[in-house]
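**Student:** Sending over work14.txt (compact mmCIF, C-alpha atoms).
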# COMPACT_ATOMS: atom_id res chain seq x y z
CA SER X 255 -100.51 176.68 126.51
CA GLN X 256 -97.34 178.64 125.83
CA THR X 257 -94.02 177.83 127.44
CA ILE X 258 -90.57 179.32 127.22
CA HIS X 259 -87.37 177.39 127.76
CA GLN X 260 -83.99 178.93 128.39
CA TRP X 261 -80.65 177.19 128.82
CA PRO X 262 -78.20 176.67 130.30
CA ALA X 263 -79.43 177.75 133.71
CA THR X 264 -75.93 178.49 134.99
CA LEU X 265 -72.67 178.99 133.21
CA VAL X 266 -69.13 179.77 134.37
CA GLN X 267 -66.82 180.87 131.59
CA PRO X 268 -63.29 182.30 131.42
CA VAL X 269 -62.64 185.74 129.98
CA GLY X 270 -62.18 185.56 126.23
CA SER X 271 -64.23 182.42 125.74
CA PRO X 272 -67.34 182.27 123.52
CA LEU X 273 -70.92 182.27 124.72
CA SER X 274 -74.18 180.82 123.47
CA LEU X 275 -77.44 181.10 125.39
CA GLU X 276 -80.53 179.62 123.80
CA CYS X 277 -84.20 180.35 124.23
CA THR X 278 -87.18 178.64 122.62
CA VAL X 279 -90.89 179.31 122.85
CA GLU X 280 -93.60 176.71 122.39
CA GLY X 281 -97.31 177.02 121.83
CA THR X 282 -97.40 180.26 119.88
CA SER X 283 -96.29 181.57 116.52
CA ASN X 284 -94.55 184.77 115.41
CA PRO X 285 -93.82 186.00 118.92
CA ASN X 286 -91.75 189.06 119.74
CA LEU X 287 -88.59 187.83 121.46
CA TYR X 288 -86.37 189.69 123.91
CA TRP X 289 -83.05 189.33 125.73
CA TYR X 290 -82.59 191.26 128.95
CA ARG X 291 -79.62 191.36 131.29
CA GLN X 292 -79.99 191.89 134.99
CA ALA X 293 -76.99 193.08 136.97
CA ALA X 294 -77.05 193.95 140.65
CA GLY X 295 -78.61 197.35 141.22
CA ARG X 296 -79.14 198.01 137.53
CA GLY X 297 -82.55 196.57 136.91
CA LEU X 298 -83.37 194.86 133.62
CA GLN X 299 -81.43 196.18 130.68
CA LEU X 300 -82.91 195.44 127.27
CA LEU X 301 -80.18 194.00 125.05
CA PHE X 302 -81.94 192.78 121.90
CA TYR X 303 -85.41 192.26 120.60
CA SER X 304 -86.80 190.62 117.50
CA VAL X 305 -90.14 190.91 115.75
CA GLY X 306 -89.46 188.15 113.20
CA ILE X 307 -86.97 185.67 111.79
CA GLY X 308 -83.67 187.36 111.03
CA GLN X 309 -84.90 190.71 112.39
CA ILE X 310 -82.79 191.84 115.33
CA SER X 311 -82.78 195.22 117.05
CA SER X 312 -79.88 196.06 119.33
CA GLU X 313 -80.38 198.42 122.20
CA VAL X 314 -76.93 198.64 123.76
CA PRO X 315 -73.56 198.57 121.95
CA GLN X 316 -71.52 195.70 123.34
CA ASN X 317 -69.67 192.57 122.42
CA LEU X 318 -72.86 190.49 122.44
CA SER X 319 -74.97 189.54 119.45
CA ALA X 320 -78.33 187.88 118.93
CA SER X 321 -79.80 185.74 116.22
CA ARG X 322 -83.21 184.35 115.41
CA PRO X 323 -82.72 181.44 113.05
CA GLN X 324 -86.25 180.11 113.52
CA ASP X 325 -89.57 181.68 114.44
CA ARG X 326 -89.49 180.56 118.06
CA GLN X 327 -85.75 180.40 118.70
CA PHE X 328 -83.63 183.24 119.99
CA ILE X 329 -79.89 182.92 120.64
CA LEU X 330 -77.56 185.24 122.51
CA SER X 331 -73.88 184.94 121.61
CA SER X 332 -70.48 186.37 122.16
CA LYS X 333 -67.17 185.59 120.49
CA LYS X 334 -65.08 186.73 123.46
CA LEU X 335 -66.57 187.27 126.90
CA LEU X 336 -65.59 190.15 129.15
CA LEU X 337 -65.76 190.27 132.93
CA SER X 338 -68.52 192.86 132.59
CA ASP X 339 -70.70 190.33 130.77
CA SER X 340 -71.41 188.55 134.05
CA GLY X 341 -75.04 188.74 135.03
CA PHE X 342 -78.44 187.13 134.92
CA TYR X 343 -79.81 186.86 131.40
CA LEU X 344 -83.52 186.63 130.84
CA CYS X 345 -85.29 185.66 127.65
CA ALA X 346 -88.89 186.74 127.18
CA TRP X 347 -91.61 186.64 124.58
CA SER X 348 -94.75 188.64 123.90
CA ARG X 349 -97.54 188.64 121.39
CA LEU X 350 -97.31 191.37 118.80
CA ALA X 351 -96.95 194.78 120.39
CA GLY X 352 -99.54 197.44 119.87
CA GLY X 353 -102.29 195.87 121.88
CA PRO X 354 -103.20 194.19 125.13
CA GLY X 355 -100.89 191.33 124.21
CA GLY X 356 -97.83 193.41 124.96
CA GLU X 357 -97.06 191.79 128.28
CA LEU X 358 -93.88 189.76 128.57
CA PHE X 359 -93.55 186.13 129.55
CA PHE X 360 -90.14 185.30 130.98
CA GLY X 361 -87.95 182.28 131.06
CA GLU X 362 -86.27 181.16 134.26
CA GLY X 363 -83.02 182.92 133.40
CA SER X 364 -79.37 182.00 132.81
CA ARG X 365 -76.77 183.06 135.34
CA LEU X 366 -73.44 183.76 133.67
CA THR X 367 -70.25 184.20 135.66
CA VAL X 368 -67.16 185.28 133.75
CA LEU X 369 -63.89 184.66 135.58
CA ALA U 123 -87.07 207.67 124.35
CA GLN U 124 -89.13 205.84 126.89
CA SER U 125 -87.85 205.45 130.42
CA VAL U 126 -88.97 204.33 133.86
CA THR U 127 -87.88 205.62 137.24
CA GLN U 128 -88.38 203.72 140.46
CA PRO U 129 -87.02 206.13 143.08
CA ASP U 130 -86.88 203.66 145.96
CA ILE U 131 -84.19 200.98 145.74
CA HIS U 132 -85.21 199.33 149.02
CA ILE U 133 -88.41 199.53 151.03
CA THR U 134 -89.04 197.88 154.38
CA VAL U 135 -92.50 197.46 155.85
CA SER U 136 -93.96 195.43 158.67
CA GLU U 137 -96.14 192.46 157.93
CA GLY U 138 -99.75 193.60 157.81
CA ALA U 139 -98.87 197.19 156.96
CA SER U 140 -99.89 198.91 153.75
CA LEU U 141 -97.50 199.29 150.84
CA GLU U 142 -96.96 201.75 148.03
CA LEU U 143 -94.16 201.39 145.48
CA ARG U 144 -93.54 204.37 143.26
CA CYS U 145 -93.08 204.38 139.51
CA ASN U 146 -92.72 207.32 137.13
CA TYR U 147 -92.46 206.90 133.40
CA SER U 148 -91.60 208.89 130.32
CA TYR U 149 -93.28 208.06 127.04
CA GLY U 150 -94.33 210.19 124.11
CA ALA U 151 -97.75 208.66 123.60
CA THR U 152 -100.29 206.60 125.49
CA PRO U 153 -98.23 204.15 127.53
CA TYR U 154 -98.79 200.54 128.32
CA LEU U 155 -97.70 200.04 131.93
CA PHE U 156 -96.79 196.92 133.83
CA TRP U 157 -95.70 195.74 137.25
CA TYR U 158 -93.68 192.55 137.56
CA VAL U 159 -92.42 190.68 140.61
CA GLN U 160 -89.25 188.62 140.85
CA SER U 161 -88.41 186.18 143.60
CA PRO U 162 -84.68 185.49 144.18
CA GLY U 163 -83.03 183.65 141.30
CA GLN U 164 -86.26 183.42 139.35
CA GLY U 165 -87.78 184.92 136.26
CA LEU U 166 -90.39 187.66 136.40
CA GLN U 167 -94.11 187.27 136.90
CA LEU U 168 -96.68 189.81 135.78
CA LEU U 169 -98.67 191.35 138.65
CA LEU U 170 -100.88 193.70 136.64
CA LYS U 171 -101.03 195.83 133.53
CA TYR U 172 -102.68 198.98 132.22
CA PHE U 173 -103.59 199.52 128.57
CA SER U 174 -106.63 201.77 128.61
CA GLY U 175 -109.88 202.42 130.41
CA ASP U 176 -110.21 202.40 134.17
CA THR U 177 -107.10 203.96 135.66
CA LEU U 178 -107.23 201.75 138.75
CA VAL U 179 -106.23 198.24 137.82
CA GLN U 180 -106.40 195.14 139.94
CA GLY U 181 -103.78 192.42 139.79
CA ILE U 182 -102.88 189.14 141.33
CA LYS U 183 -101.95 188.57 144.98
CA GLY U 184 -104.11 191.51 146.14
CA PHE U 185 -102.06 194.20 144.37
CA GLU U 186 -103.49 197.21 142.58
CA ALA U 187 -102.02 200.16 140.72
CA GLU U 188 -103.30 203.54 139.65
CA PHE U 189 -102.40 205.26 136.41
CA LYS U 190 -102.14 209.04 136.79
CA ARG U 191 -101.43 210.65 133.45
CA SER U 192 -100.95 214.14 134.91
CA GLN U 193 -98.19 212.84 137.15
CA SER U 194 -96.77 210.27 134.73
CA SER U 195 -97.04 207.75 137.52
CA PHE U 196 -98.18 204.18 137.98
CA ASN U 197 -97.77 203.39 141.67
CA LEU U 198 -98.30 199.90 143.04
CA ARG U 199 -100.27 199.39 146.24
CA LYS U 200 -101.33 196.66 148.59
CA PRO U 201 -103.44 197.27 151.72
CA SER U 202 -101.78 194.60 153.87
CA VAL U 203 -98.51 192.89 153.01
CA HIS U 204 -97.62 189.30 153.78
CA TRP U 205 -94.14 187.90 154.43
CA SER U 206 -94.38 186.10 151.08
CA ASP U 207 -94.49 189.49 149.31
CA ALA U 208 -90.79 190.00 149.99
CA ALA U 209 -89.28 190.19 146.49
CA GLU U 210 -88.09 192.65 143.90
CA TYR U 211 -90.67 194.65 142.00
CA PHE U 212 -90.22 196.12 138.56
CA CYS U 213 -92.26 198.73 136.76
CA ALA U 214 -92.16 198.69 132.95
CA VAL U 215 -93.45 200.78 130.06
CA GLY U 216 -94.25 199.93 126.47
CA GLY U 217 -96.57 201.40 123.90
CA ARG U 218 -98.58 201.07 120.77
CA ARG U 219 -95.76 202.47 118.64
CA ASP U 220 -93.04 200.32 120.10
CA ASP U 221 -92.05 196.72 120.33
CA LYS U 222 -89.70 197.59 123.19
CA ILE U 223 -90.64 197.22 126.83
CA ILE U 224 -88.36 199.17 129.16
CA PHE U 225 -87.95 198.39 132.84
CA GLY U 226 -87.06 200.44 135.87
CA LYS U 227 -84.19 199.46 138.13
CA GLY U 228 -86.50 197.77 140.58
CA THR U 229 -87.49 198.14 144.23
CA ARG U 230 -86.56 195.44 146.69
CA LEU U 231 -89.25 194.92 149.30
CA HIS U 232 -88.31 193.66 152.76
CA ILE U 233 -90.94 192.52 155.23
CA LEU U 234 -90.45 192.76 159.00
CA PRO U 235 -92.19 190.10 161.08
Would you write the structure of this file as structure tokens?
**Tutor:**
Amino acid sequence: SQTIHQWPATLVQPVGSPLSLECTVEGTSNPNLYWYRQAAGRGLQLLFYSVGIGQISSEVPQNLSASRPQDRQFILSSKKLLLSDSGFYLCAWSRLAGGPGGELFFGEGSRLTVL
Amino acid sequence: AQSVTQPDIHITVSEGASLELRCNYSYGATPYLFWYVQSPGQGLQLLLKYFSGDTLVQGIKGFEAEFKRSQSSFNLRKPSVHWSDAAEYFCAVGGRRDDKIIFGKGTRLHILP
């Protein structure tokens, strides 16, 4: 069966510090991978998605970046965090879009607090 | 661009009462539609999905949703809610042409005893 792991679960970082959130998927190959951010009252905002190694699509201009160095690994990074980066970050995967496999499977989330 | 509107930020119902959560979408082709539920501090769990065929879809935990193309809606219903249904509910849209899945802002459901 497929599983998705996301870490760290919680993180408290000072403004201006770097960030690295990691997500890995097991039990499937060539998944679509997604990073969403959830802030209070704003729902789930799609940040990045990837359909393959090295292929990253950015949805919202910001000081965050994403990378996919391996097929089942998706990393969210920042060189310098802002207060507005605080939130709950969710990684998700899906089978290739364009069919009934388009549903998302979510990790447990990473709560980031920037002070 | 695709988008999802959930007009109700909060909904409160009594335990045992019926429930309907509203969702309207915008998408330029045949949409794929989803409802997810999120308990506090947790990830999201899929309740149900629509891809094609019967416009009334059944999901887990006794939920159902009806796709109405003419109204661009995909409302979620349950005939009798339980206290354990208190959570946040998200509607989402994707499609055959897209790898993106876009979510609404969510509706938080409160249950009165």
**Student:** Counting all atoms listed in the file, figure out which residue out of X:Ile258, X:Leu300, X:Cys345, X:Ile307 gets nearest to U:Gly226.
**Tutor:**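 Among the listed residues, the smallest separation from U:Gly226 belongs to X:Leu300.
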**Student:** Could you list the residues in chain X lying within 10 Å of chain U, using only C-alpha atoms, and format the result as number ranges by chain?
**Tutor:** X: 286-288, 290, 292-300, 302-305, 311, 313, 342-346, 348-365
**Student:** Starting from the point (-79.0, 176.6, 131.3), work out which residues of protein, DNA or RNA have an atom no more than 8 Å away when counting all atoms listed in the file; state them as a list in words.
**Tutor:**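 Collected hits near the coordinates: Gln260, Trp261, Pro262, Ala263, Thr264, Leu265, Leu275, Gly363, Ser364 and Arg365 of chain X.
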**Student:** When distances are computed from all atoms listed in the file, which of U:Pro235, U:Pro153, U:Ile133, U:Val203 shows the smallest separation from U:Arg191?
**Tutor:** U:Pro153
**Student:** Quick one: of U:Leu143, U:Ala151, U:Val159, U:Ile233, who's nearest to U:Arg199, counting only C-alpha atoms?
**Tutor:** U:Leu143
